[in-house]
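Structure file query_18.txt with compact mmCIF, C-alpha atoms and all ligand atoms:
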# COMPACT_ATOMS: atom_id res chain seq x y z
CA MET W 185 3.16 20.04 -0.15
CA ALA W 186 3.82 18.73 -3.64
CA ASN W 187 7.15 17.09 -4.29
CA ALA W 188 8.78 19.33 -6.93
CA ASN W 189 11.27 16.59 -7.83
CA LEU W 190 8.46 14.71 -9.53
CA VAL W 191 8.00 17.07 -12.48
CA GLY W 192 9.00 15.09 -15.54
CA ARG W 193 10.79 17.22 -18.10
CA CYS W 194 8.78 15.49 -20.84
CA GLY W 195 5.48 16.08 -19.04
CA LEU W 196 5.23 12.78 -17.20
CA TYR W 197 4.39 12.75 -13.52
CA CYS W 198 7.35 10.91 -11.95
CA GLY W 199 5.29 9.98 -8.90
CA ALA W 200 3.36 7.46 -11.01
CA CYS W 201 6.41 6.11 -12.86
CA ALA W 202 6.91 2.38 -12.29
CA ILE W 203 10.64 2.78 -11.59
CA TYR W 204 10.13 5.57 -9.09
CA ARG W 205 7.29 3.77 -7.34
CA ALA W 206 9.17 0.48 -7.16
CA TYR W 207 12.20 2.25 -5.68
CA LYS W 208 10.20 4.20 -3.10
CA ASP W 209 7.62 1.54 -2.22
CA ASP W 210 10.05 -1.36 -2.24
CA GLY W 211 8.92 -4.94 -1.66
CA GLU W 212 7.11 -7.14 -4.13
CA TYR W 213 6.76 -4.49 -6.83
CA LEU W 214 10.50 -3.75 -6.84
CA ALA W 215 11.31 -7.45 -7.20
CA LYS W 216 8.81 -7.75 -10.03
CA LEU W 217 10.28 -4.84 -11.98
CA ALA W 218 13.87 -5.97 -11.51
CA GLN W 219 12.84 -9.34 -12.86
CA HIS W 220 11.01 -7.71 -15.76
CA PHE W 221 14.07 -5.63 -16.73
CA LYS W 222 16.43 -8.50 -15.91
CA CYS W 223 18.55 -6.24 -13.72
CA PRO W 224 19.67 -6.21 -10.09
CA LEU W 225 17.33 -4.65 -7.49
CA GLU W 226 19.71 -1.74 -6.85
CA LYS W 227 19.40 -0.67 -10.49
CA VAL W 228 15.71 0.07 -10.10
CA ARG W 229 16.04 3.48 -8.52
CA CYS W 230 15.14 7.05 -9.40
CA GLU W 231 14.66 10.24 -7.40
CA GLY W 232 12.48 11.92 -10.02
CA CYS W 233 13.36 14.05 -13.02
CA MET W 234 14.23 17.18 -11.04
CA ALA W 235 16.59 15.36 -8.66
CA LEU W 236 18.48 13.00 -10.93
CA THR W 237 21.87 11.63 -9.94
CA PRO W 238 24.03 9.44 -12.21
CA GLU W 239 22.69 6.39 -10.30
CA CYS W 240 19.12 7.21 -11.29
CA TRP W 241 17.30 5.24 -13.97
CA GLY W 242 16.18 8.47 -15.60
CA TYR W 243 19.68 9.92 -15.82
CA ASN W 244 20.34 8.26 -19.15
CA CYS W 245 16.83 8.78 -20.49
CA ARG W 246 17.09 9.84 -24.14
CA ILE W 247 14.81 12.81 -23.59
CA VAL W 248 16.74 14.00 -20.53
CA GLN W 249 20.01 13.66 -22.46
CA CYS W 250 18.55 15.56 -25.39
CA LEU W 251 17.34 18.42 -23.18
CA ARG W 252 20.70 18.51 -21.42
CA ASP W 253 22.49 18.79 -24.77
CA LYS W 254 20.16 21.54 -25.93
CA GLY W 255 20.34 23.40 -22.63
CA LEU W 256 16.57 23.25 -22.21
CA GLU W 257 14.58 22.38 -19.13
CA PHE W 258 11.33 21.08 -20.64
CA CYS W 259 10.26 19.64 -23.97
CA TYR W 260 7.80 22.48 -24.60
CA GLN W 261 10.77 24.84 -24.99
CA CYS W 262 11.94 22.96 -28.08
CA SER W 263 10.90 23.79 -31.64
CA GLU W 264 10.67 20.09 -32.52
CA TYR W 265 8.08 19.66 -29.81
CA GLU W 266 6.03 22.53 -31.21
CA SER W 267 6.13 21.09 -34.72
CA GLU W 268 5.44 17.55 -33.42
CA THR W 269 8.51 16.25 -35.22
CA CYS W 270 10.50 14.97 -32.24
CA GLU W 271 10.69 11.22 -32.62
CA LYS W 272 11.77 10.68 -29.01
CA PHE W 273 8.86 12.61 -27.60
CA GLU W 274 6.20 11.25 -29.94
CA LYS W 275 7.36 7.67 -29.40
CA LEU W 276 6.88 8.06 -25.66
CA ALA W 277 3.79 10.27 -25.70
CA LYS W 278 1.61 8.22 -28.05
CA PRO W 279 1.54 4.94 -26.12
CA TYR W 280 1.19 6.79 -22.81
CA LEU W 281 -1.89 8.55 -24.14
CA LYS W 282 -3.36 5.46 -25.75
CA GLU W 283 -2.63 2.89 -23.07
CA ASP W 284 -2.61 4.86 -19.83
CA GLY W 285 -4.63 7.96 -20.69
CA VAL W 286 -1.64 10.15 -19.78
CA ASN W 287 -1.57 13.32 -21.88
CA MET W 288 2.02 14.55 -21.75
CA ARG W 289 1.25 17.56 -23.94
CA ALA W 290 -1.59 18.65 -21.67
CA ASN W 291 0.73 18.22 -18.67
CA LEU W 292 3.46 20.30 -20.30
CA GLU W 293 0.91 23.03 -20.99
CA ARG W 294 0.12 23.16 -17.28
CA ILE W 295 3.82 23.49 -16.51
CA ARG W 296 4.23 26.14 -19.21
CA LYS W 297 1.38 28.15 -17.69
CA GLY W 298 2.97 28.00 -14.25
CA GLU W 299 0.40 25.57 -12.84
CA THR W 300 3.05 23.05 -11.82
CA GLU W 301 2.15 22.98 -8.15
CA GLU W 302 -1.57 22.39 -8.85
CA TRP W 303 -0.78 19.76 -11.45
CA LEU W 304 1.48 17.91 -9.00
CA ILE W 305 -1.18 17.91 -6.29
CA GLU W 306 -3.85 16.68 -8.74
CA SER W 307 -1.55 13.95 -10.02
CA GLU W 308 -0.71 12.80 -6.51
CA GLU W 309 -4.45 12.55 -5.83
CA LYS W 310 -5.16 10.75 -9.09
CA TYR W 311 -2.52 8.03 -8.82
CA LYS W 312 -3.43 6.42 -5.59
CA CYS W 313 -5.30 3.32 -4.57
CA PRO W 314 -8.99 4.15 -3.93
CA ILE W 315 -9.05 1.48 -1.23
CA CYS W 316 -5.92 2.06 0.88
CA GLY W 317 -4.96 5.52 -0.37
CA LYS W 318 -1.33 4.67 -1.08
CA PRO W 319 0.42 5.91 -4.23
CA LEU W 320 0.49 3.67 -7.30
CA SER W 321 2.13 3.62 -10.73
CA THR W 322 0.12 4.22 -13.93
CA GLY W 323 0.39 0.49 -14.66
CA ALA W 324 -0.60 -0.83 -11.24
CA ILE W 325 -3.57 1.51 -10.88
CA LYS W 326 -5.29 -0.30 -13.78
CA ARG W 327 -4.69 -3.74 -12.35
CA LYS W 328 -3.95 -4.51 -8.76
CA CYS W 329 -2.80 -2.48 -5.78
CA TYR W 330 0.52 -3.91 -4.63
CA HIS W 331 0.04 -2.33 -1.21
CA CYS W 332 -3.33 -3.76 -0.12
CA GLY W 333 -4.00 -6.28 -2.87
CA ALA W 334 -7.24 -4.64 -4.05
CA ASP W 335 -8.26 -5.63 -7.57
CA LEU W 336 -8.55 -2.33 -9.44
CA TYR W 337 -9.13 -3.81 -12.83
CA LYS W 338 -12.82 -2.93 -13.10
CA LYS W 339 -12.59 0.44 -11.37
CA LYS W 340 -13.31 3.55 -13.38
CA PHE W 341 -11.02 6.53 -13.00
ZN ZN R 401 -4.45 -0.32 -2.03
What does this structure look like when you write it as structure tokens?
Ligand SMILES: [Zn+2]
Amino acid sequence: MANANLVGRCGLYCGACAIYRAYKDDGEYLAKLAQHFKCPLEKVRCEGCMALTPECWGYNCRIVQCLRDKGLEFCYQCSEYESETCEKFEKLAKPYLKEDGVNMRANLERIRKGETEEWLIESEEKYKCPICGKPLSTGAIKRKCYHCGADLYKKKF
């Protein structure tokens, strides 16, 4: 069963988000992220875009706030998304595509077409360590598995 809370309203898969993973997987990765963001450990927490509480990292996300203000659920429902003029979306989507190979527009199209469940299952499969099978963030999957320590740097996905 796919976890429906992990559907990012901008088209990101929350299950591979560094914040979400650090919060759920705990340990070394959580400590590393808290240090990176210079914040206390308890701050690094998120339940996923569809289950946000005010304590969640994503609650104050600019895109989430924007959608909330506009009364929309997903970015694809917005005219600025269609015309590719939304600065918030483009600023997030471009580096994700370039650096992590994550195509937020393609993901949103899946959601728009009602293929959310399939997309979630595929994403869950995609973002896991090929050695130990545990879930990983988009960043960790290109470097090193923080569960088993496998060096994933040279692996092709
Ligand atoms: Zn592993």
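Taking atom CA of W:Ala334 and atom CA of W:Tyr213 as endpoints, the distance between them is 14.3 Å.
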### Exercise answer, 8 Å around ligand ZN 401 (chain R) with all atoms listed in the file, as a PyMOL selection string
chain W and resi 312-318+328-334
### atom CA of W:Ile203 to atom CA of W:Leu217, straight-line distance in Å
7.6 Å
### Query
Restricting the calculation to all atoms listed in the file, which member of W:His220, W:Tyr197, W:Glu301, W:Leu190 is positioned closest to W:Asn287?
W:Tyr197
### Task
Find the spatial neighbours of W:Tyr204, counting all atoms listed in the file, within a cut-off of 9 Å - ignore same-chain residues fewer than 3 positions away - and output them as a ChimeraX atom specification.
/W:198-201,207-209,228-232,241,321
### Query
What's the 10 Å shell around stretch 244-250 of chain W, counting all atoms listed in the file, without same-chain residues fewer than 4 positions away, as a list in words?
Gly192, Arg193, Cys194, Cys233, Leu236, Thr237, Pro238, Glu239, Cys240, Lys254, Gly255, Leu256, Glu257, Phe258, Cys259, Cys270, Lys272, Phe273 and Leu276 of chain W
How about saving the chosen residues, C-alpha atoms kept, as a PDB file, keeping the file's coordinate frame?
ATOM      1  CA  GLY W 192       9.000  15.090 -15.540  1.00  0.00           C
ATOM      2  CA  ARG W 193      10.790  17.220 -18.100  1.00  0.00           C
ATOM      3  CA  CYS W 194       8.780  15.490 -20.840  1.00  0.00           C
ATOM      4  CA  CYS W 233      13.360  14.050 -13.020  1.00  0.00           C
ATOM      5  CA  LEU W 236      18.480  13.000 -10.930  1.00  0.00           C
ATOM      6  CA  THR W 237      21.870  11.630  -9.940  1.00  0.00           C
ATOM      7  CA  PRO W 238      24.030   9.440 -12.210  1.00  0.00           C
ATOM      8  CA  GLU W 239      22.690   6.390 -10.300  1.00  0.00           C
ATOM      9  CA  CYS W 240      19.120   7.210 -11.290  1.00  0.00           C
ATOM     10  CA  LYS W 254      20.160  21.540 -25.930  1.00  0.00           C
ATOM     11  CA  GLY W 255      20.340  23.400 -22.630  1.00  0.00           C
ATOM     12  CA  LEU W 256      16.570  23.250 -22.210  1.00  0.00           C
ATOM     13  CA  GLU W 257      14.580  22.380 -19.130  1.00  0.00           C
ATOM     14  CA  PHE W 258      11.330  21.080 -20.640  1.00  0.00           C
ATOM     15  CA  CYS W 259      10.260  19.640 -23.970  1.00  0.00           C
ATOM     16  CA  CYS W 270      10.500  14.970 -32.240  1.00  0.00           C
ATOM     17  CA  LYS W 272      11.770  10.680 -29.010  1.00  0.00           C
ATOM     18  CA  PHE W 273       8.860  12.610 -27.600  1.00  0.00           C
ATOM     19  CA  LEU W 276       6.880   8.060 -25.660  1.00  0.00           C
TER      20      LEU W 276
END
### Query
What separation in Å, quoted to one decimal, exists between atom CA of W:Asn187 and atom CA of W:Ser307?
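Distance reported for this atom pair: 10.9 Å.
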Using all atoms listed in the file, list the residues that have an atom at most 8 Å from (7.8, 22.0, -10.8), coordinates as in the file, as a short mmCIF file (atom, residue, chain, number, x, y, z; two decimals) with C-alpha atoms, in the coordinates of the input.
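After the write, result-v6.cif holds the following:
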data_model
loop_
_atom_site.label_atom_id
_atom_site.label_comp_id
_atom_site.auth_asym_id
_atom_site.auth_seq_id
_atom_site.Cartn_x
_atom_site.Cartn_y
_atom_site.Cartn_z
CA ALA W 188 8.78 19.33 -6.93
CA ASN W 189 11.27 16.59 -7.83
CA LEU W 190 8.46 14.71 -9.53
CA VAL W 191 8.00 17.07 -12.48
CA ILE W 295 3.82 23.49 -16.51
CA THR W 300 3.05 23.05 -11.82
CA GLU W 301 2.15 22.98 -8.15
CA LEU W 304 1.48 17.91 -9.00
#
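In terms of minimum interatomic distance to W:Arg289, W:Tyr260 ranks closest within W:Ile305, W:Leu251, W:Tyr260, W:Cys223, counting all atoms listed in the file.
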From the coordinates supplied, stretch 187-338 of chain W should be written with C-alpha atoms, as a short mmCIF file (atom, residue, chain, number, x, y, z; two decimals), in the first residue's frame.
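Full text of decode-v4.cif as output:
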data_model
loop_
_atom_site.label_atom_id
_atom_site.label_comp_id
_atom_site.auth_asym_id
_atom_site.auth_seq_id
_atom_site.Cartn_x
_atom_site.Cartn_y
_atom_site.Cartn_z
CA ASN W 187 1.47 6.08 1.64
CA ALA W 188 -0.88 8.79 0.31
CA ASN W 189 0.62 11.37 2.68
CA LEU W 190 3.73 11.42 0.53
CA VAL W 191 2.22 13.16 -2.49
CA GLY W 192 3.97 16.50 -2.73
CA ARG W 193 1.63 19.26 -3.86
CA CYS W 194 4.41 20.58 -6.11
CA GLY W 195 5.06 17.15 -7.63
CA LEU W 196 7.87 16.04 -5.34
CA TYR W 197 7.76 12.60 -3.78
CA CYS W 198 7.93 13.32 -0.04
CA GLY W 199 9.24 9.82 0.68
CA ALA W 200 12.59 10.81 -0.82
CA CYS W 201 12.74 14.25 0.81
CA ALA W 202 15.78 14.67 3.07
CA ILE W 203 13.72 16.18 5.91
CA TYR W 204 11.12 13.44 5.82
CA ARG W 205 13.71 10.68 5.61
CA ALA W 206 15.81 12.13 8.42
CA TYR W 207 12.74 12.40 10.64
CA LYS W 208 11.51 8.87 9.90
CA ASP W 209 14.88 7.10 9.73
CA ASP W 210 16.43 8.96 12.65
CA GLY W 211 20.03 8.40 13.71
CA GLU W 212 23.10 9.69 11.95
CA TYR W 213 21.24 11.25 9.03
CA LEU W 214 18.98 13.29 11.31
CA ALA W 215 21.99 14.62 13.23
CA LYS W 216 23.70 15.51 9.98
CA LEU W 217 20.73 17.47 8.64
CA ALA W 218 20.13 19.32 11.90
CA GLN W 219 23.77 20.34 11.82
CA HIS W 220 23.48 21.38 8.18
CA PHE W 221 20.44 23.58 8.88
CA LYS W 222 21.88 24.72 12.22
CA CYS W 223 18.66 23.82 14.00
CA PRO W 224 17.67 21.54 16.88
CA LEU W 225 16.93 17.87 16.08
CA GLU W 226 13.23 18.26 16.88
CA LYS W 227 12.89 20.84 14.11
CA VAL W 228 13.77 18.30 11.45
CA ARG W 229 10.36 16.69 11.15
CA CYS W 230 7.68 16.33 8.51
CA GLU W 231 4.77 13.94 7.98
CA GLY W 232 4.56 14.55 4.23
CA CYS W 233 2.69 17.13 2.21
CA MET W 234 -0.75 15.56 2.64
CA ALA W 235 -0.46 15.27 6.44
CA LEU W 236 1.14 18.55 7.44
CA THR W 237 0.77 19.90 10.95
CA PRO W 238 2.10 23.31 12.08
CA GLU W 239 5.15 21.48 13.53
CA CYS W 240 6.08 20.11 10.12
CA TRP W 241 8.98 21.52 8.14
CA GLY W 242 6.79 21.69 5.05
CA TYR W 243 4.02 23.65 6.75
CA ASN W 244 5.67 26.97 5.98
CA CYS W 245 6.89 25.96 2.54
CA ARG W 246 6.32 28.87 0.16
CA ILE W 247 4.58 26.66 -2.36
CA VAL W 248 2.27 25.12 0.25
CA GLN W 249 1.43 28.60 1.56
CA CYS W 250 0.76 29.83 -1.96
CA LEU W 251 -1.57 26.91 -2.74
CA ARG W 252 -3.34 27.40 0.59
CA ASP W 253 -3.91 31.08 -0.22
CA LYS W 254 -5.21 30.25 -3.67
CA GLY W 255 -7.39 27.41 -2.43
CA LEU W 256 -5.69 24.93 -4.75
CA GLU W 257 -4.46 21.45 -3.99
CA PHE W 258 -1.71 21.00 -6.58
CA CYS W 259 0.49 23.30 -8.64
CA TYR W 260 -0.91 21.95 -11.92
CA GLN W 261 -4.24 23.60 -11.07
CA CYS W 262 -2.65 27.05 -11.25
CA SER W 263 -2.47 29.19 -14.39
CA GLU W 264 1.05 30.34 -13.49
CA TYR W 265 2.19 26.74 -13.55
CA GLU W 266 0.70 26.26 -17.00
CA SER W 267 2.40 29.36 -18.36
CA GLU W 268 5.69 28.47 -16.59
CA THR W 269 5.77 31.88 -14.94
CA CYS W 270 5.65 30.81 -11.29
CA GLU W 271 8.97 31.82 -9.79
CA LYS W 272 8.51 29.62 -6.72
CA PHE W 273 7.84 26.51 -8.75
CA GLU W 274 10.52 27.08 -11.38
CA LYS W 275 13.15 27.87 -8.75
CA LEU W 276 12.50 24.52 -7.09
CA ALA W 277 11.87 22.44 -10.20
CA LYS W 278 14.95 23.41 -12.22
CA PRO W 279 17.65 22.32 -9.76
CA TYR W 280 15.70 19.16 -8.88
CA LEU W 281 15.64 18.20 -12.54
CA LYS W 282 19.24 19.13 -13.19
CA GLU W 283 20.87 17.79 -10.04
CA ASP W 284 18.67 14.90 -8.99
CA GLY W 285 16.88 13.95 -12.21
CA VAL W 286 13.52 14.58 -10.52
CA ASN W 287 10.94 15.82 -13.02
CA MET W 288 8.28 17.58 -10.96
CA ARG W 289 6.21 18.43 -14.04
CA ALA W 290 6.16 14.81 -15.17
CA ASN W 291 5.14 13.79 -11.63
CA LEU W 292 2.33 16.35 -11.55
CA GLU W 293 1.08 15.02 -14.87
CA ARG W 294 0.81 11.56 -13.34
CA ILE W 295 -1.18 13.01 -10.45
CA ARG W 296 -3.36 15.00 -12.84
CA LYS W 297 -4.13 11.83 -14.81
CA GLY W 298 -5.14 10.00 -11.65
CA GLU W 299 -2.05 7.77 -11.59
CA THR W 300 -1.08 8.87 -8.09
CA GLU W 301 -1.12 5.40 -6.57
CA GLU W 302 1.10 3.92 -9.32
CA TRP W 303 3.45 6.87 -9.16
CA LEU W 304 3.81 6.49 -5.38
CA ILE W 305 4.59 2.79 -5.68
CA GLU W 306 7.16 3.42 -8.43
CA SER W 307 8.78 6.19 -6.41
CA GLU W 308 8.98 4.02 -3.31
CA GLU W 309 10.72 1.38 -5.42
CA LYS W 310 13.07 3.87 -7.04
CA TYR W 311 14.33 5.59 -3.90
CA LYS W 312 15.72 2.72 -1.98
CA CYS W 313 19.16 1.31 -1.39
CA PRO W 314 19.92 -1.45 -3.94
CA ILE W 315 21.97 -3.24 -1.30
CA CYS W 316 19.83 -3.23 1.86
CA GLY W 317 16.49 -2.22 0.35
CA LYS W 318 15.78 0.56 2.83
CA PRO W 319 14.34 3.92 1.71
CA LEU W 320 16.72 6.77 0.92
CA SER W 321 16.52 10.47 0.10
CA THR W 322 17.28 11.81 -3.39
CA GLY W 323 20.59 13.13 -2.06
CA ALA W 324 21.74 10.02 -0.21
CA ILE W 325 20.88 7.66 -3.07
CA LYS W 326 23.61 9.29 -5.18
CA ARG W 327 26.24 9.02 -2.48
CA LYS W 328 26.13 6.67 0.44
CA CYS W 329 23.43 4.62 2.11
CA TYR W 330 23.12 5.82 5.69
CA HIS W 331 21.45 2.54 6.67
CA CYS W 332 24.03 -0.04 5.55
CA GLY W 333 26.94 2.18 4.56
CA ALA W 334 27.03 1.02 0.92
CA ASP W 335 28.83 3.42 -1.40
CA LEU W 336 26.25 4.25 -4.08
CA TYR W 337 28.28 6.88 -5.82
CA LYS W 338 29.11 4.84 -8.92
#
